[in-house]
Amino acid sequence: MRKLHSSTPEDSRSSGPEFAPSHPKPTYSISYAWTDSSRDIVARLCEDAAAKYNVAILRDTTGLGLGGSITKFMRSLGEHDYVFVILSAKYLESPFCMYELWQIWLNCRADDEELRRRVRVFRLPDAAMMTPIDRARCARYWQDQFKELDQLVRCEGAHLLGVSDFKRYKLMKDFANRVGDILAIIADTLLPRDFVELERYGFSSETLKG
């Protein structure tokens with residue numbers, strides 16, 4: 001006669017419910033020009049993120065307080081799992097915005113596919129960067145900005161700049177030479193056409209599960 005298997009305390013422990021390890025929720029941030037219509041888009045996106053998806057998006061009004069370091073805040077934007085970028089004409093000519101975009105690019109390890117995976121770009125109609133001519137003009141603008149500062153430093157000496165500004169001066173040199181490449185990657189990416197597509201793209205099930 002076959003003996004029935006009797007359970008032991010050890011067996012009881014092993015047959016208990018198993019819980020899958022929890023994964024940290026992905027984090028989100030947003031980069032945009034603070035002084036144009038991008039603000040309305042950002043406000044709506046942040047409100048919907050909180051109400052519909054229980055997601056908090058780091059932005060200037062929530063992550064930067066009086067007395068805080070603007071540079072440190074801008075650098076931190078690119079460290080999040082997913083980054084929204086609202087491109088506008090003012091964004092493309094703002095040193096703060098372009099510094100943020102540069103930091104996002106660096107945090108993506110300067111890798112095209114990593115940038116596409118983590119960054120959600122929404123382009124406003126006035127952001128001229130979709131053609132090679134547009135991108136060349138934008139690159140020339142920043143190269144001219146760097147040349148003007150570089151000439152001043154060479155003629156008068158680097159002592160004119162503080163430590164932080166000198167670091168930005170060196171970063172601007174690299175950025176001015178790569179802005180066209182970064183914008184070309186964005187132009188080669190199928191972007192959302194309206195706010196509904198932006199929201200659906202930004203908060204897909206794939207991104208929300210981490």
# chains A, B, ... in the order shown; residues from 1 in each chain; ligands from 1
$ select_by_dssp --residues "region 58-151 of chain A" --states "strand (DSSP E or B)" --output "PyMOL selection string"
chain A and resi 58+82-87+119-123
$ residues_around --residues "Val85 (chain A)" --least-positions-apart "5" --cutoff "8 Å" --atoms "only C-alpha atoms" --output "PyMOL selection string"
chain A and resi 30-32+119-122
$ write_last_selection --atoms "C-alpha atoms" --output "PDB file, in the first residue's frame"
ATOM      1  CA  ILE A  30       9.401  67.863 -17.573  1.00  0.00           C
ATOM      2  CA  SER A  31      11.556  70.401 -19.399  1.00  0.00           C
ATOM      3  CA  TYR A  32       9.949  73.436 -21.036  1.00  0.00           C
ATOM      4  CA  VAL A 119      12.163  61.046 -23.518  1.00  0.00           C
ATOM      5  CA  ARG A 120       8.675  62.122 -24.594  1.00  0.00           C
ATOM      6  CA  VAL A 121       8.909  65.131 -26.904  1.00  0.00           C
ATOM      7  CA  PHE A 122       5.986  67.349 -27.829  1.00  0.00           C
TER       8      PHE A 122
END
$ closest_residue --among "A:Phe175, A:Trp34, A:Phe166, A:Tyr28" --to "Tyr53 (chain A)" --atoms "only C-alpha atoms"
A:Tyr28
$ residues_around --residues "Asp181 (chain A)" --least-positions-apart "3" --cutoff "12 Å" --atoms "only C-alpha atoms" --output "JSON, numbers by chain"
{"A": [102, 105, 110, 111, 112, 129, 130, 132, 135, 136, 138, 139, 174, 175, 176, 177, 178, 184, 185, 186, 187, 188]}
$ closest_residue --among "A:Lys167, A:Gly78, A:Pro125, A:Ser88" --to "Arg109 (chain A)" --atoms "only C-alpha atoms"
A:Gly78
$ closest_residue --among "A:Val179, A:Leu161, A:Cys97, A:Leu115" --to "Asp134 (chain A)" --atoms "only C-alpha atoms"
A:Val179
$ closest_residue --among "A:Ile70, A:Gln103, A:Tyr82, A:Glu47" --to "Lys25 (chain A)" --atoms "only C-alpha atoms"
A:Tyr82
$ closest_residue --among "A:Cys108, A:Met172, A:Leu198, A:Leu64" --to "Leu45 (chain A)" --atoms "only C-alpha atoms"
A:Leu198
$ atom_distance --atom1 "CA of Leu87 (chain A)" --atom2 "CA of Arg123 (chain A)"
4.7 Å
$ select_by_dssp --residues "region 100-154 of chain A" --states "helix (DSSP H, G or I)" --output "ChimeraX atom specification"
/A:100-107,112-118,132-154
$ residues_around --residues "Asn54 (chain A)" --least-positions-apart "5" --cutoff "12 Å" --atoms "only C-alpha atoms" --output "list in words"
Lys25, Pro26, Thr27, Tyr28, Cys46, Glu47, Asp48, Ala49, Phe203 and Leu208 of chain A
$ atom_distance --atom1 "CA of Cys155 (chain A)" --atom2 "CA of Lys173 (chain A)"
17.1 Å
$ closest_residue --among "A:His80, A:Arg59, A:Lys72, A:Lys90" --to "Ser37 (chain A)" --atoms "only C-alpha atoms"
A:Lys90
$ atom_distance --atom1 "CA of Phe73 (chain A)" --atom2 "CA of Ile104 (chain A)"
12.2 Å
$ decode --residues "region 160-201 of chain A" --atoms "N, CA and C atoms" --output "compact mmCIF listing (two decimals), in the first residue's frame"
# COMPACT_ATOMS: atom_id res chain seq x y z
N LEU A 160 37.26 86.51 -15.85
CA LEU A 160 35.99 87.24 -15.93
C LEU A 160 34.81 86.37 -15.49
N LEU A 161 34.97 85.06 -15.61
CA LEU A 161 33.89 84.14 -15.29
C LEU A 161 34.12 83.52 -13.92
N GLY A 162 33.05 83.35 -13.19
CA GLY A 162 33.14 82.61 -11.94
C GLY A 162 33.32 81.13 -12.23
N VAL A 163 33.48 80.34 -11.18
CA VAL A 163 33.72 78.91 -11.35
C VAL A 163 32.55 78.24 -12.08
N SER A 164 31.34 78.56 -11.67
CA SER A 164 30.16 77.93 -12.29
C SER A 164 30.00 78.35 -13.74
N ASP A 165 30.21 79.65 -14.03
CA ASP A 165 30.08 80.12 -15.40
C ASP A 165 31.17 79.53 -16.29
N PHE A 166 32.35 79.32 -15.74
CA PHE A 166 33.42 78.73 -16.54
C PHE A 166 33.08 77.28 -16.90
N LYS A 167 32.44 76.56 -15.97
CA LYS A 167 32.00 75.20 -16.27
C LYS A 167 30.96 75.21 -17.39
N ARG A 168 30.03 76.18 -17.31
CA ARG A 168 29.02 76.29 -18.37
C ARG A 168 29.65 76.65 -19.70
N TYR A 169 30.66 77.48 -19.64
CA TYR A 169 31.38 77.88 -20.85
C TYR A 169 31.96 76.66 -21.55
N LYS A 170 32.56 75.76 -20.78
CA LYS A 170 33.14 74.55 -21.37
C LYS A 170 32.05 73.61 -21.87
N LEU A 171 30.93 73.51 -21.13
CA LEU A 171 29.83 72.68 -21.58
C LEU A 171 29.19 73.22 -22.86
N MET A 172 29.10 74.54 -22.95
CA MET A 172 28.50 75.15 -24.13
C MET A 172 29.29 74.81 -25.39
N LYS A 173 30.60 74.69 -25.24
CA LYS A 173 31.43 74.33 -26.39
C LYS A 173 31.02 72.97 -26.93
N ASP A 174 30.85 72.00 -26.03
CA ASP A 174 30.43 70.67 -26.46
C ASP A 174 29.01 70.70 -27.00
N PHE A 175 28.13 71.40 -26.29
CA PHE A 175 26.73 71.42 -26.70
C PHE A 175 26.55 72.09 -28.07
N ALA A 176 27.26 73.19 -28.29
CA ALA A 176 27.13 73.92 -29.55
C ALA A 176 27.50 73.04 -30.74
N ASN A 177 28.37 72.08 -30.51
CA ASN A 177 28.79 71.19 -31.60
C ASN A 177 27.89 69.97 -31.76
N ARG A 178 26.98 69.75 -30.79
CA ARG A 178 26.14 68.55 -30.85
C ARG A 178 24.65 68.84 -30.95
N VAL A 179 24.26 70.11 -30.85
CA VAL A 179 22.83 70.43 -30.84
C VAL A 179 22.13 69.92 -32.10
N GLY A 180 22.79 70.04 -33.25
CA GLY A 180 22.19 69.57 -34.49
C GLY A 180 21.93 68.07 -34.46
N ASP A 181 22.85 67.30 -33.87
CA ASP A 181 22.69 65.85 -33.79
C ASP A 181 21.51 65.47 -32.89
N ILE A 182 21.39 66.15 -31.74
CA ILE A 182 20.29 65.84 -30.81
C ILE A 182 18.95 66.14 -31.47
N LEU A 183 18.85 67.29 -32.11
CA LEU A 183 17.59 67.67 -32.75
C LEU A 183 17.27 66.75 -33.93
N ALA A 184 18.31 66.25 -34.60
CA ALA A 184 18.09 65.34 -35.73
C ALA A 184 17.47 64.03 -35.24
N ILE A 185 17.88 63.55 -34.07
CA ILE A 185 17.29 62.34 -33.50
C ILE A 185 15.82 62.57 -33.20
N ILE A 186 15.52 63.72 -32.61
CA ILE A 186 14.13 64.04 -32.29
C ILE A 186 13.30 64.16 -33.57
N ALA A 187 13.86 64.78 -34.59
CA ALA A 187 13.14 64.95 -35.86
C ALA A 187 12.89 63.61 -36.54
N ASP A 188 13.76 62.63 -36.28
CA ASP A 188 13.64 61.30 -36.88
C ASP A 188 12.75 60.38 -36.04
N THR A 189 12.12 60.93 -35.02
CA THR A 189 11.24 60.15 -34.14
C THR A 189 9.79 60.57 -34.39
N LEU A 190 8.89 59.60 -34.49
CA LEU A 190 7.48 59.92 -34.68
C LEU A 190 6.95 60.53 -33.40
N LEU A 191 6.57 61.79 -33.47
CA LEU A 191 6.15 62.54 -32.29
C LEU A 191 4.63 62.60 -32.18
N PRO A 192 4.10 62.74 -30.97
CA PRO A 192 2.65 62.88 -30.80
C PRO A 192 2.16 64.15 -31.48
N ARG A 193 0.99 64.06 -32.10
CA ARG A 193 0.46 65.18 -32.87
C ARG A 193 -0.37 66.14 -32.03
N ASP A 194 -0.92 65.67 -30.93
CA ASP A 194 -1.76 66.52 -30.09
C ASP A 194 -1.61 66.10 -28.64
N PHE A 195 -2.31 66.81 -27.77
CA PHE A 195 -2.17 66.54 -26.34
C PHE A 195 -2.64 65.14 -25.96
N VAL A 196 -3.71 64.68 -26.58
CA VAL A 196 -4.24 63.34 -26.27
C VAL A 196 -3.19 62.28 -26.56
N GLU A 197 -2.54 62.38 -27.70
CA GLU A 197 -1.49 61.43 -28.05
C GLU A 197 -0.29 61.55 -27.12
N LEU A 198 0.04 62.77 -26.72
CA LEU A 198 1.15 62.98 -25.80
C LEU A 198 0.89 62.27 -24.47
N GLU A 199 -0.32 62.44 -23.96
CA GLU A 199 -0.67 61.83 -22.67
C GLU A 199 -0.68 60.31 -22.78
N ARG A 200 -1.25 59.80 -23.85
CA ARG A 200 -1.31 58.34 -24.04
C ARG A 200 0.09 57.77 -24.19
N TYR A 201 0.94 58.48 -24.91
CA TYR A 201 2.33 58.06 -25.14
C TYR A 201 3.15 58.16 -23.86
